[in-house]
Each structure stands twice: as structure tokens, then as C-alpha cells.
There are 2 protein chains.
Amino acid sequence: MSEPVRVGVVGMGTVGSGVVRVLDRSADHIQRQAGRPIIVEQVVVRDAGKQRDVAVPGNRISTDLAAVADDPAIAVAAMLVGGLEPARSMTIELLRKGKDVVTANKALLAEHGPELFAVAREAGRSIAFEAAIAGGIPIVAAIAECLAANRIKSIRGILNGTSNFILTRMEEEGSDYAEVLALAQAEGYAEADPTMDVDGTDATQKLALLAHLAFGSWVPWGMIPRVGLETIDQELLRFADELGYRIRVVADASRGADSLAMQVGPTLVRKGTPLAETRGAFNAVSVVGDAVGPLFFHGLGAGELPTASAVVADIIDTVVGRAAITFRTTGMLEADTPAASLTGGSSSRYLLRLHVTDRPGVLADLTNVLGSEGISIASVIQHQTAAGTAAVPLVIMTHSCEATAIARAVATLDQQPAVQAATSCLPVLDD
Amino acid sequence: MSEPVRVGVVGMGTVGSGVVRVLDRSADHIQRQAGRPIIVEQVVVRDAGKQRDVAVPGNRISTDLAAVADDPAIAVAAMLVGGLEPARSMTIELLRKGKDVVTANKALLAEHGPELFAVAREAGRSIAFEAAIAGGIPIVAAIAECLAANRIKSIRGILNGTSNFILTRMEEEGSDYAEVLALAQAEGYAEADPTMDVDGTDATQKLALLAHLAFGSWVPWGMIPRVGLETIDQELLRFADELGYRIRVVADASRGADSLAMQVGPTLVRKGTPLAETRGAFNAVSVVGDAVGPLFFHGLGAGELPTASAVVADIIDTVVGRAAITFRTTGMLEADTPAASLTGGSSSRYLLRLHVTDRPGVLADLTNVLGSEGISIASVIQHQTAAGTAAVPLVIMTHSCEATAIARAVATLDQQPAVQAATSCLPVLDD
């Protein structure tokens with residue numbers, strides 16, 4: 001039998017615990033897949049005294065990264081510490097000390113990817129990151145390997161399980177955003193600080209990485225237009241439902257002639273389409289390639305075991321040598337990576353929800369604003385309200401128009417005296 | 001720049017033409033993915049004089065396999081001849097002459113896999129076959145690589161685009177099987193001889209290969225229970241619709257304690273579930289792993305370009321060295337591959353459609369037959385028919401029962417004097 005491969009697990013949060021659990025309980029199966037046993041040699045944690053429900057012998061737990069970095073017997077490090085620092089410095093240290101790295105930290109790669117991938121290349125090591133995007137869905141392998149013959153036209157997906165969980169609950173239970181967020185936190189579906197999930201940062205960082213794999217160019221995630229979930233209320237969900245749609249936070253990237261259109265934010269998706277039927281903590285990704293046509297993937301985007309499934313697959317890939325090849329062929333964020341130019345978004349239909357003063361002539365004034373931007377109206381909903389209501393909701397569904405035109409129109413609408421609150425503007429997907 | 005890799009394409013039917021087309025039109029893109037140019041050096045055809053819409057210079061077209069097999073400059077052969085012979089002998093010749101082989105021929109692998117994989121191992125070559133199963137959906141890579149950390153619990157899918165196209169058309173247009181088949185043939189969605197598509201052979205061969213990748217053991221495809229499409233008529237589709245289901249040809253394999261349950265055949269799938277919404281020539285596969293949970297894939301299962309997408313991805317994988325690693329780690333059909341024992345099918349709900357004499361006491365007699373097998377009834381549909389009708393349709397939905405029990409019950413039912421025609425029995429999937 002071949003010598004075992006020794007792995008260091010750095011970070012024992014949810015994902016780290018899952019990785020130790022999977023490597024332990026499926027040891028025989030994984031040994032067959034990897035051709036050699038894979039053994040957790042050392043675990044690095046912040047607090048060695050913390051009670052854990054995963055069994056690691058005491059002498060294999062350390063609070064010092066050197067226990068992994070300086071052990072020449074350890075070949076692969078699973079870097080499962082979240083956030084930017086010390087995760088960045090730790091990753092650099094591990095690479096420089098000759099460890100191949102597997103990580104689930106998308107924020108780290110989106111923010112410091114150019115530096116980290118360069119360090120890995122200098123050190124002759126690989127970084128594998130299937131687990132960083134869409135959890136258990138093998139979307140990185142699909143784009144980087146399986147669709148290599150294709151020029152990718154577009155990627156569209158639900159990439160953040162927390163915000164999808166919240167939206168689905170709001171939809172099913174009629175509760176408000178704040179209420180459902182508190183519940184999600186209590187049930188462990190949302191972090192104590194959910195900011196990066198609900199403001200779209202997490203999905204945007206994942207989209208930046210996927211777009212680099214798919215299109216070759218690089219858009220720093222902060223440049224990608226992004227709208228958060230906190231703008232969604234029950235009234236919007238009800239109007240969407242009435243029109244035959246659900247609301248999902250959709251991350252969207254498509255290739256134009258010389259540029260990319262990218263955006264992340266709440267979007268109307270037609271009921272019955274795969275994105276609309278993606279519920280709870282599930283993620284979904286749809287990719288269109290010029291040869292393969294439309295491909296759709298659906299699976300658990302987060303959680304201990306689904307994410308561990310991806311981390312351990314990357315560890316096996318690293319052990320057998322596939323990860324090194326893929327790291328080389330994808331040329332992640334090499335120095336000559338072209339910067340993509342972003343267009344102002346592709347054209348789309350939009351749903352506008354306005355709160356307006358209920359007096360004669362208002363609808364004409366508002367639709368004139370749209371008309372002057374060349375935006376034509378597909379349908380309008382205004383329900384009868386009790387006499388004397390100060391502001392009434394008015395919903396307008398447009399025909400397809402440019403993102404820049406609708407943005408100008410919304411800015412103008414919000415300056416109208418009859419408009420009582422900021423207008424909500426959501427793109428609409430019909431397929 | 002690195003030396004180009006020279007490829008031989010053997011067989012210029014739909015898939016072969018697609019491969020030449022993709023390698024040509026995306027040459028720059030593919031060169032970046034592979035790190036070297038990939039060039040079609042030689043094409044082997046049956047009829048050199050045939051008019052083709054893909055441009056290959058005359059001196060690169062041959063009717064002799066030796067033009068590829070004996071050319072030491074050719075490293076990779078895309079073996080795209082269908083059927084068993086001469087495909088089998090040609091594949092052996094190519095492997096023995098040192099070519100790595102990429103193929104889309106699932107019948108060849110399902111029938112002669114043990115021999116062909118052994119020849120490849122002896123010759124130190126690889127066989128890659130992503131294109132053989134579910135066309136453009138990367139399900140082979142998903143199971144063999146991306147889900148390597150998982151013990152797979154089940155695989156369930158729509159693996160034959162032709163029969164799904166026919167079923168969807170029957171459903172949408174209310175036409176009969178024979179009529180839609182003729183139309184599908186005229187439109188190029190079904191072969192002149194569609195036997196292997198419509199009798200379930202093709203899906204069963206794909207399921208045998210997937211099950212080997214997922215479960216490690218091998219079930220010769222001929223041992224897998226298989227029901228064809230020709231048993232489906234409009235009356236069954238209408239009853240299914242009335243009960244909230246669609247009919248799809250589902251290939252199903254799941255792991256029991258010491259055995260596998262496998263079957264292929266028309267199945268009731270609840271409307272709104274992903275398999276029910278898989279329409280036309282699309283394929284879909286759902287895989288459940290112990291760590292990743294449920295994963296779902298949907299894409300085009302056949303056709304020139306989707307299949308070529310998978311073939312060319314395999315060519316790239318072969319060129320960069322990933323295919324050789326995966327061929328080794330999967331140990332396809334090695335001599336010590338365990339034979340799986342098949343159970344008589346897992347338990348399920350069933351829909352029975354009987355044609356019975358319309359006289360008092362019949363329903364009691366028939367339900368007694370089910371009762372004596374311990375099968376309980378969830379619902380019964382019998383619509384009023386004109387007086388004097390010789391045989392009336394009667395539909396019974398059962399609660400969950402064993403496949404062996406329902407098979408015995410159907411055999412007994414068909415011996416009852418009141419039963420006028422062979423009873424249709426379809427498993428029911430509710431999730």
C-alpha cells in the first residue's frame with residue numbers, strides 16, 4: 001500500500017469540522033479514490049480548549065500555524081479560516097512552506113487572489129477552491145475543466161444560500177425581512193453578522209471568481225453593481241406573485257462584444273423556471289456555452305457536509321495530481337490577465353414599485369418620465385385603496401430596456417413631488 | 001509555443017462532425033485551455049466521397065483506420081463510430097498502437113467495457129467517455145472526480161433524449177406514440193432504427209456505466225430490469241395528468257445494504273419536480289451523496305455540439321494529463337471489480353392501469369388480488385363510460401409496496417377473466 005498523505009486542517013469552524021468528519025468516516029472509500037490513505041495529521045484552531053463534537057486527539061490540535069506549516073510530513077493544507085486576515089498571511093505562509101492549499105474562503109480569493117495565486121505559482125504549489133463557490137455544486141470543475149471546449153456566453157445563479165433561505169421564508173410565511181433574519185440566525189442559517197450575505201457581497205465575490213474562470217478576464221468584485229436583500233418587503237413579494245414571479249438574489253454575468261455585463265441583486269424570476277424553484281439554502285447555477293448550450297446545476301450551497309464534500313474532493317484532486325494540472329491550465333489571475341470592461345448592464349425588463357400620492361394626473365406624469373427615456377410599459381398595477389391614503393403603491397412592468405436608461409428614469413422619478421419614497425427597481429427574468 | 005497535439009477523428013457522423021467543427025472554430029480558446037494547439041490530423045470515414053458540411057482537406061480524409069493507428073504523430077483518437085463492430089476492434093487497434101482514446105459510444109463500453117479497459121491498461125493508455133452519458137452534462141466527471149469524497153446513495157435520471165422528446169410531444173400534442181415517433185424521425189430527433197432508444201437499452205447501458213462509477217460494482221446492462229416506451233399511450237398520459245404527474249423514462253439506481261436496486265422505464269413523476277420539468281431532448285441527472293446531499297444536473301443529452309463539447313473536453317483532459325489520472329483513480333472495470341447483486345427493485349408507489357369488463361363485483365375481485373399481496377390502495381379512478389362498452393379503463397394508485405409484490409399482483413390480475421388486456425404498471429416518484 002502507498003504511503004498515506006498527511007493533511008493539515010487550519011480552522012475548525014463548521015467547514016473544518018465537516019472536513020475532519022468526512023475524512024474520518026469515509027476513510028476507506030476516500031483511500032480507494034485517492035489511491036492512498038488521507039490522514040488528518042494536525043488541526044490548527046484559535047481556541048484549543050473549545051469543546052468540539054469532532055474527535056481529534058489532543059496531541060494533534062495546536063493553536064500555532066507552524067504545527068502545519070513547519071511539518072515536512074504534511075503535503076496539503078485545508079485553509080478553512082474565514083475573513084481576510086490572518087487568513088491571507090496564513091495562506092501565504094503555507095504556500096511558501098511548500099503546502100498545496102485547498103480553501104473555501106471566497107472573500108480571501110476575491111480580495112487577494114492575484115497575490116495568492118502568484119505566491120502559489122512562485123512556490124510551485126496549487127490552490128484549489130471548489131468549495132468557495134456554490135458549496136457542493138461542482139461548478140468550478142464544470143467551468144474550468146468540463147466546459148473547456150466552450151466559449152461561455154453567460155453564467156447566472158443563486159450563489160448565496162443565506163439570502164435565498166431568507167427570501168424563501170419571507171415568501172412562504174409572509175413575515176418581514178427583519179423577523180426572518182432573526183429566525184435564520186437562531187436556526188444557524190445566518191451568521192451573527194450577516195452583512196456580507198444579505199448585502200450581496202458574498203454572491204458578488206463568487207461571481208467575480210466564476211466570471212474569471214469562464215471569461216478569462218478579471219473584474220474586481222467591488223466594481224460589480226450589487227443590490228442587497230434588505231430592500232425587499234412583503235408588498236414587493238406580493239406584487240411579484242400577482243404577476244407570476246418570485247424574487248431571488250440572482251448573480252448574472254454575460255459576455256458582450258467587447259465587454260461583460262455583470263450584476264448581483266434581487267430579481268424577478270418567472271415561477272416554474274429553475275431559479276424560481278430554487279428554495280431554502282439551495283444554490284443553483286445556469287451556464288450557457290456556445291457548444292454545450294444551457295446547463296443547469298442545483299445543490300446545497302453551504303453547510304458543514306456539502307462544503308466538506310467539495311473540500312475533500314479538492315484534497316483528493318491535489319493528492320492524485322489533477323489539482324496541479326488544473327491550477328496550471330486555468331492560469332488563475334496570472335499577471336497578464338486582462339481587465340474586463342463592464343457595460344452598464346444588459347437590457348432587461350424591469351419591475352418598478354413606487355409609492356405615490358393618490359391624486360389625478362400622477363400616473364400620466366410618471367409614465368411620461370419613462371417615455372422620455374424611451375422605456376415602454378408592459379403592464380401597470382394599482383389596486384384601489386381607502387380614500388385619503390397618503391401614499392399608494394404603484395407597480396409598473398416595463399418592456400425590455402437598457403440598464404442605463406432605467407437607472408436614469410428611476411433617478412428622475414424619485415425627484416417627482418408625487419413620489420413619496422425611493423422607487424424599487426428589479427430586473428425581470430422570463431426564461 | 002508548445003508543439004501541437006495531433007488528433008485522429010474516427011467516424012464522421014453527427015458527433016464526429018461536431019468535434020471537427022468545435023476544434024476548428026474555437027481553436028484559439030482551446031489552445032489556451034490545453035496549453036498547446038490541438039489539430040485534427042486525420043479523419044477516418046466509411047465513405048470518402050460523401051458530401052460533408054465540415055471542411056477537412058482531402059488529404060486528411062481516409063477510409064483506413066491505419067491512417068490514424070499507424071501515424072506516430074497522432075497521440076489521441078476520438079473514436080466516434082457507433083455500434084459494436086467494427087467499433088470494438090478499431091478501439092483495440094488504436095489502444096494497442098499507443099493512442100489515448102476518447103469515445104461517445106456507450107453501447108460499446110457497456111458491452112465490451114471489461115475487455116477494452118483492460119486493453120487500455122495493458123497498453124498504458126486511457127479511455128475517456130464523458131460524452132457517452134448524458135451528452136453535454138458533465139456527469140462522469142462529477143461522479144468520478146467531484147463527488148469522490150461521497151458514498152453515493154442514488155442516481156436517478158432521464159438519460160435518453162430521443163424517448164424524452166417523444167414523450168414530451170405526446171404529452172403536449174395529444175398524438176399517439178407511432179405518430180410522434182415518425183415525426184421525430186423526420187425531424188432528426190430519432191434514428192431510422194430507434195429500437196435502442198425507445199426500448200430503454202440506451203438508457204440502461206448509460207445507467208450501468210454510471211452505477212459502476214458511483215458504486216464501484218458492475219451490473220451487466222442486460223440484467224437491469226428495463227421497460228420500453230411503446231407501452232405508453234394517451235390514456236395513460238391523461239390519467240397521469242389527472243393525478244398530478246407526468247410520465248418520463250427514468251433510469252434509477254440506488255444502494256441498499258448489500259445490493260443495488262436498478263431499473264429503467266416509464267415512471268410517473270410529480271409535476272413541478274425537476275425530472276417532470278425536463279422536456280424535449282434534454283437529459284437530467286439527480287445524484288444523492290452522503291456528504292453533498294442532493295445534486296441535480298440538467299442539459300442537452302445529445303446533438304452534434306453538446307456531445308462534441310464533452311468529447312473535446314475529454315481530448316483536452318487527455319492532452320493536459322487529467323484523463324490519465326482519472327482513468328487510473330476510477331479503475332474502470334478492473335479485473336477485481338465486484339459483481340453487484342441486484343434486488344428486485346426498491347419499494348415504491350405504483351400506478352396500475354387495467355382494461356376490465358364493466359360488470360358488478362369486478363373492482364372487489366381486483367382489489368382483493370392486491371390485498372392478498374399486502375398492497376394497499378391510495379386512490380382509484382374509474383370514469384363513467386357509455387353503457388355496453390366492452391372494456392373500461394380502471395386506474396389504481398397504490399401505497400408504497402415492494403417491486404416483487406406488485407409484479408406478482410400484476411401477473412395474477414392479468415389472469416382474471418375480467419381483465420381484457422395486459423395491465424400497465426408504472427412506478428411513481430413523488431419527490
# chains A, B, ... in the order shown; residues from 1 in each chain; ligands from 1

$ interface_residues --of "chain B" --to "chain A" --cutoff "8 Å" --atoms "only C-alpha atoms" --output "PyMOL selection string"
chain B and resi 22-23+26+29-30+32-35+136-138+141-142+145-151+272+291-300+305-310+312-314+316-317+320-322+325+329-330

$ residues_around --residues "range 92-109 of chain A" --least-positions-apart "6" --cutoff "7 Å" --atoms "only C-alpha atoms" --output "list in words"
Ala69, Asp70, Ala75, Val76, Ala77, Ala78, Met79, Leu80, Gly82, Gly83, Leu84, Leu116, Val119, Ala120, Ala123, Arg125, Ser126, Ile127, Ala128, Phe129, Ala131, Ala132, Ile133, Gln205, Lys206, Val311, Asp314 and Ile315 of chain A

$ write_last_selection --atoms "C-alpha atoms" --output "PDB file, in the first residue's frame"
ATOM      1  CA  ALA A  69       3.471  24.914   8.017  1.00  0.00           C
ATOM      2  CA  ASP A  70       6.704  23.580   9.506  1.00  0.00           C
ATOM      3  CA  ALA A  75       1.702  17.876   1.991  1.00  0.00           C
ATOM      4  CA  VAL A  76      -1.706  19.506   1.808  1.00  0.00           C
ATOM      5  CA  ALA A  77      -3.299  22.231   3.913  1.00  0.00           C
ATOM      6  CA  ALA A  78      -7.040  22.796   4.058  1.00  0.00           C
ATOM      7  CA  MET A  79      -7.174  26.548   4.790  1.00  0.00           C
ATOM      8  CA  LEU A  80     -10.607  26.960   6.354  1.00  0.00           C
ATOM      9  CA  GLY A  82     -12.714  32.813   7.156  1.00  0.00           C
ATOM     10  CA  GLY A  83     -12.195  36.523   6.571  1.00  0.00           C
ATOM     11  CA  LEU A  84      -9.165  38.324   5.179  1.00  0.00           C
ATOM     12  CA  LEU A 116      -2.128  34.483  -3.502  1.00  0.00           C
ATOM     13  CA  VAL A 119       2.684  33.203  -4.454  1.00  0.00           C
ATOM     14  CA  ALA A 120       1.421  29.695  -5.259  1.00  0.00           C
ATOM     15  CA  ALA A 123       6.291  28.276  -4.779  1.00  0.00           C
ATOM     16  CA  ARG A 125       2.149  24.882  -5.351  1.00  0.00           C
ATOM     17  CA  SER A 126      -1.554  24.792  -6.239  1.00  0.00           C
ATOM     18  CA  ILE A 127      -4.643  26.424  -4.753  1.00  0.00           C
ATOM     19  CA  ALA A 128      -7.916  24.551  -5.229  1.00  0.00           C
ATOM     20  CA  PHE A 129     -11.178  26.290  -4.336  1.00  0.00           C
ATOM     21  CA  ALA A 131     -15.723  24.756  -2.029  1.00  0.00           C
ATOM     22  CA  ALA A 132     -15.501  28.552  -2.260  1.00  0.00           C
ATOM     23  CA  ILE A 133     -18.346  28.791  -4.797  1.00  0.00           C
ATOM     24  CA  GLN A 205     -17.270  37.749  -4.778  1.00  0.00           C
ATOM     25  CA  LYS A 206     -18.281  34.302  -6.036  1.00  0.00           C
ATOM     26  CA  VAL A 311     -13.026  20.481   0.137  1.00  0.00           C
ATOM     27  CA  ASP A 314     -10.129  19.095  -3.831  1.00  0.00           C
ATOM     28  CA  ILE A 315      -7.824  17.334  -1.361  1.00  0.00           C
TER      29      ILE A 315
END

$ residues_around --residues "range 350-367 of chain A" --least-positions-apart "5" --cutoff "7 Å" --atoms "only C-alpha atoms" --output "JSON, numbers by chain"
{"A": [390, 391, 392, 393, 394, 395, 396, 397, 398, 413, 418, 419, 420, 421, 423, 424, 425, 426, 427, 428]}

$ atom_distance --atom1 "CA of Asp47 in chain A" --atom2 "CA of Thr63 in chain A"
6.7 Å

$ residues_around --residues "Thr168 in chain A" --least-positions-apart "4" --cutoff "7 Å" --atoms "only C-alpha atoms" --output "list of chain:residue names"
A:Asn164, A:Glu172, A:Arg279, A:Gly280

$ residues_around --residues "Gly174 in chain A" --least-positions-apart "6" --cutoff "12 Å" --atoms "only C-alpha atoms" --output "ChimeraX atom specification"
/A:166-168,180,233-238,241

$ write_last_selection --atoms "C-alpha atoms" --output "mmCIF file, in the first residue's frame"
data_model
loop_
_atom_site.group_PDB
_atom_site.id
_atom_site.type_symbol
_atom_site.label_atom_id
_atom_site.label_comp_id
_atom_site.auth_asym_id
_atom_site.auth_seq_id
_atom_site.Cartn_x
_atom_site.Cartn_y
_atom_site.Cartn_z
ATOM 1 C CA ILE A 166 -34.473 34.347 3.972
ATOM 2 C CA LEU A 167 -36.324 35.153 0.742
ATOM 3 C CA THR A 168 -37.994 31.741 0.607
ATOM 4 C CA VAL A 180 -36.979 36.137 9.152
ATOM 5 C CA ASP A 233 -40.572 43.715 1.561
ATOM 6 C CA GLN A 234 -43.830 41.767 1.591
ATOM 7 C CA GLU A 235 -45.533 44.242 -0.722
ATOM 8 C CA LEU A 236 -42.920 43.591 -3.409
ATOM 9 C CA LEU A 237 -43.196 39.827 -2.948
ATOM 10 C CA ARG A 238 -46.978 40.020 -3.279
ATOM 11 C CA ASP A 241 -46.532 36.791 -7.058
#

$ residues_around --residues "Leu207 in chain A" --least-positions-apart "2" --cutoff "10 Å" --atoms "only C-alpha atoms" --output "list of chain:residue names"
A:Lys106, A:Ala110, A:Ile133, A:Ile155, A:Arg156, A:Gly157, A:Ile158, A:Leu159, A:Thr201, A:Asp202, A:Ala203, A:Thr204, A:Gln205, A:Leu209, A:Leu210, A:Ala211, A:His212, A:Leu213, A:Val219, A:Trp221, A:Ile224, A:Ala251, A:Asp252, A:Ala253, A:Met262, A:Gln263, A:Val264

$ write_last_selection --atoms "C-alpha atoms" --output "mmCIF file, in the first residue's frame"
data_model
loop_
_atom_site.group_PDB
_atom_site.id
_atom_site.type_symbol
_atom_site.label_atom_id
_atom_site.label_comp_id
_atom_site.auth_asym_id
_atom_site.auth_seq_id
_atom_site.Cartn_x
_atom_site.Cartn_y
_atom_site.Cartn_z
ATOM 1 C CA LYS A 106 -14.161 33.171 -1.450
ATOM 2 C CA ALA A 110 -11.808 37.656 -4.438
ATOM 3 C CA ILE A 133 -18.346 28.791 -4.797
ATOM 4 C CA ILE A 155 -23.448 32.462 -16.031
ATOM 5 C CA ARG A 156 -26.461 33.101 -13.885
ATOM 6 C CA GLY A 157 -27.094 31.774 -10.447
ATOM 7 C CA ILE A 158 -28.261 31.863 -6.895
ATOM 8 C CA LEU A 159 -24.935 31.825 -5.080
ATOM 9 C CA THR A 201 -21.067 40.914 -1.175
ATOM 10 C CA ASP A 202 -20.696 37.143 -0.829
ATOM 11 C CA ALA A 203 -22.552 36.371 -4.086
ATOM 12 C CA THR A 204 -20.640 39.142 -5.870
ATOM 13 C CA GLN A 205 -17.270 37.749 -4.778
ATOM 14 C CA LEU A 209 -14.291 34.280 -9.441
ATOM 15 C CA LEU A 210 -16.687 32.342 -11.709
ATOM 16 C CA ALA A 211 -16.529 35.065 -14.351
ATOM 17 C CA HIS A 212 -12.753 34.904 -14.327
ATOM 18 C CA LEU A 213 -12.870 31.143 -14.890
ATOM 19 C CA VAL A 219 -13.341 42.284 -12.645
ATOM 20 C CA TRP A 221 -15.699 42.358 -7.138
ATOM 21 C CA ILE A 224 -19.743 44.815 -9.913
ATOM 22 C CA ALA A 251 -25.850 36.852 -9.783
ATOM 23 C CA ASP A 252 -25.553 37.390 -13.511
ATOM 24 C CA ALA A 253 -22.586 37.681 -15.876
ATOM 25 C CA MET A 262 -22.399 41.733 -14.517
ATOM 26 C CA GLN A 263 -24.741 42.401 -11.639
ATOM 27 C CA VAL A 264 -25.990 40.913 -8.401
#

$ select_by_dssp --residues "range 18-198 of chain B" --states "strand (DSSP E)" --output "list in words"
Ile38, Ile39, Val40, Glu41, Gln42, Val43, Val44, Ile61, Ser62, Ile74, Ala75, Val76, Ala77, Ala78, Met79, Asp100, Val101, Val102, Thr103, Ile127, Ala128, Ile152, Lys153, Ser154, Ile155, Arg156, Gly157 and Ile158 of chain B

$ residues_around --residues "Trp218 in chain B" --least-positions-apart "2" --cutoff "7 Å" --atoms "only C-alpha atoms" --output "PyMOL selection string"
chain B and resi 212+216+220+337-340

$ select_by_dssp --residues "range 219-392 of chain B" --states "alpha helix (DSSP H)" --output "PyMOL selection string"
chain B and resi 234-242+304-320+322-330+362-372

$ write_last_selection --atoms "N, CA and C atoms" --output "compact mmCIF listing (two decimals), in the first residue's frame"
# COMPACT_ATOMS: atom_id res chain seq x y z
N GLN B 234 -51.96 7.56 -24.92
CA GLN B 234 -52.59 8.80 -24.48
C GLN B 234 -53.45 8.61 -23.24
N GLU B 235 -54.08 7.46 -23.14
CA GLU B 235 -54.94 7.24 -21.98
C GLU B 235 -54.11 7.28 -20.68
N LEU B 236 -52.93 6.65 -20.73
CA LEU B 236 -52.05 6.67 -19.55
C LEU B 236 -51.57 8.08 -19.24
N LEU B 237 -51.19 8.82 -20.29
CA LEU B 237 -50.74 10.20 -20.08
C LEU B 237 -51.85 11.04 -19.46
N ARG B 238 -53.09 10.81 -19.90
CA ARG B 238 -54.20 11.61 -19.36
C ARG B 238 -54.49 11.27 -17.90
N PHE B 239 -54.45 9.98 -17.59
CA PHE B 239 -54.65 9.60 -16.18
C PHE B 239 -53.53 10.16 -15.30
N ALA B 240 -52.30 10.09 -15.79
CA ALA B 240 -51.18 10.63 -15.03
C ALA B 240 -51.40 12.13 -14.77
N ASP B 241 -51.80 12.84 -15.82
CA ASP B 241 -52.06 14.27 -15.72
C ASP B 241 -53.15 14.56 -14.68
N GLU B 242 -54.20 13.77 -14.74
CA GLU B 242 -55.33 13.94 -13.81
C GLU B 242 -54.87 13.77 -12.36
N GLU B 304 -25.23 17.32 -32.06
CA GLU B 304 -23.88 17.50 -32.56
C GLU B 304 -22.98 18.27 -31.59
N LEU B 305 -23.38 19.49 -31.23
CA LEU B 305 -22.47 20.33 -30.47
C LEU B 305 -22.41 20.00 -28.97
N PRO B 306 -23.54 19.71 -28.31
CA PRO B 306 -23.42 19.33 -26.90
C PRO B 306 -22.54 18.09 -26.70
N THR B 307 -22.69 17.09 -27.57
CA THR B 307 -21.85 15.90 -27.41
C THR B 307 -20.41 16.24 -27.75
N ALA B 308 -20.20 17.06 -28.79
CA ALA B 308 -18.84 17.47 -29.14
C ALA B 308 -18.19 18.24 -28.00
N SER B 309 -18.98 19.02 -27.26
CA SER B 309 -18.45 19.75 -26.10
C SER B 309 -17.79 18.77 -25.13
N ALA B 310 -18.46 17.64 -24.89
CA ALA B 310 -17.92 16.65 -23.95
C ALA B 310 -16.72 15.92 -24.55
N VAL B 311 -16.78 15.59 -25.84
CA VAL B 311 -15.66 14.90 -26.49
C VAL B 311 -14.41 15.79 -26.45
N VAL B 312 -14.58 17.06 -26.80
CA VAL B 312 -13.42 17.94 -26.85
C VAL B 312 -12.88 18.21 -25.44
N ALA B 313 -13.76 18.30 -24.44
CA ALA B 313 -13.28 18.43 -23.06
C ALA B 313 -12.43 17.22 -22.70
N ASP B 314 -12.86 16.03 -23.12
CA ASP B 314 -12.07 14.82 -22.86
C ASP B 314 -10.74 14.84 -23.62
N ILE B 315 -10.75 15.37 -24.83
CA ILE B 315 -9.49 15.49 -25.58
C ILE B 315 -8.54 16.43 -24.82
N ILE B 316 -9.07 17.56 -24.35
CA ILE B 316 -8.24 18.49 -23.59
C ILE B 316 -7.73 17.82 -22.31
N ASP B 317 -8.62 17.14 -21.59
CA ASP B 317 -8.22 16.41 -20.38
C ASP B 317 -7.10 15.41 -20.68
N THR B 318 -7.20 14.76 -21.84
CA THR B 318 -6.18 13.79 -22.22
C THR B 318 -4.86 14.49 -22.49
N VAL B 319 -4.94 15.62 -23.18
CA VAL B 319 -3.73 16.36 -23.55
C VAL B 319 -3.00 16.88 -22.31
N VAL B 320 -3.77 17.40 -21.34
CA VAL B 320 -3.11 18.00 -20.18
C VAL B 320 -2.74 16.97 -19.11
N ARG B 322 -4.99 15.08 -17.22
CA ARG B 322 -6.02 14.75 -16.22
C ARG B 322 -6.69 13.41 -16.54
N ALA B 323 -6.90 13.13 -17.83
CA ALA B 323 -7.62 11.89 -18.19
C ALA B 323 -6.86 10.65 -17.73
N ALA B 324 -5.54 10.68 -17.85
CA ALA B 324 -4.74 9.52 -17.43
C ALA B 324 -4.88 9.30 -15.93
N ILE B 325 -4.89 10.39 -15.16
CA ILE B 325 -5.03 10.27 -13.71
C ILE B 325 -6.41 9.70 -13.36
N THR B 326 -7.43 10.29 -13.98
CA THR B 326 -8.79 9.85 -13.66
C THR B 326 -9.01 8.40 -14.09
N PHE B 327 -8.45 8.02 -15.23
CA PHE B 327 -8.57 6.63 -15.69
C PHE B 327 -7.96 5.69 -14.64
N ARG B 328 -6.85 6.14 -14.05
CA ARG B 328 -6.21 5.31 -13.02
C ARG B 328 -7.04 5.31 -11.73
N THR B 329 -7.47 6.49 -11.27
CA THR B 329 -8.16 6.52 -9.97
C THR B 329 -9.53 5.83 -10.03
N THR B 330 -10.22 5.91 -11.17
CA THR B 330 -11.54 5.27 -11.22
C THR B 330 -11.42 3.76 -11.37
N VAL B 362 -66.38 -6.53 -10.11
CA VAL B 362 -65.03 -6.59 -10.68
C VAL B 362 -64.03 -5.87 -9.78
N LEU B 363 -64.38 -4.66 -9.37
CA LEU B 363 -63.44 -3.88 -8.57
C LEU B 363 -63.07 -4.63 -7.29
N ALA B 364 -64.07 -5.25 -6.66
CA ALA B 364 -63.80 -6.02 -5.43
C ALA B 364 -62.83 -7.16 -5.71
N ASP B 365 -63.06 -7.90 -6.81
CA ASP B 365 -62.17 -9.02 -7.16
C ASP B 365 -60.74 -8.53 -7.33
N LEU B 366 -60.60 -7.43 -8.06
CA LEU B 366 -59.25 -6.96 -8.39
C LEU B 366 -58.55 -6.42 -7.14
N THR B 367 -59.26 -5.67 -6.34
CA THR B 367 -58.61 -5.11 -5.16
C THR B 367 -58.27 -6.23 -4.16
N ASN B 368 -59.04 -7.32 -4.19
CA ASN B 368 -58.68 -8.47 -3.36
C ASN B 368 -57.32 -9.05 -3.75
N VAL B 369 -57.05 -9.06 -5.06
CA VAL B 369 -55.75 -9.56 -5.53
C VAL B 369 -54.62 -8.72 -4.92
N LEU B 370 -54.80 -7.40 -4.93
CA LEU B 370 -53.77 -6.52 -4.35
C LEU B 370 -53.66 -6.76 -2.86
N GLY B 371 -54.82 -6.87 -2.21
CA GLY B 371 -54.83 -7.07 -0.76
C GLY B 371 -54.10 -8.34 -0.37
N SER B 372 -54.25 -9.38 -1.17
CA SER B 372 -53.61 -10.65 -0.81
C SER B 372 -52.10 -10.57 -0.94

$ closest_residue --among "A:Ala192, A:Leu183, A:Met170, A:Ile143" --to "Arg248 in chain A" --atoms "only C-alpha atoms"
A:Met170

$ atom_distance --atom1 "CA of Gly228 in chain A" --atom2 "CA of Pro266 in chain A"
7.2 Å

$ closest_residue --among "B:Pro225, B:Gly124, B:Pro114, B:Pro4" --to "Arg36 in chain B" --atoms "only C-alpha atoms"
B:Pro4
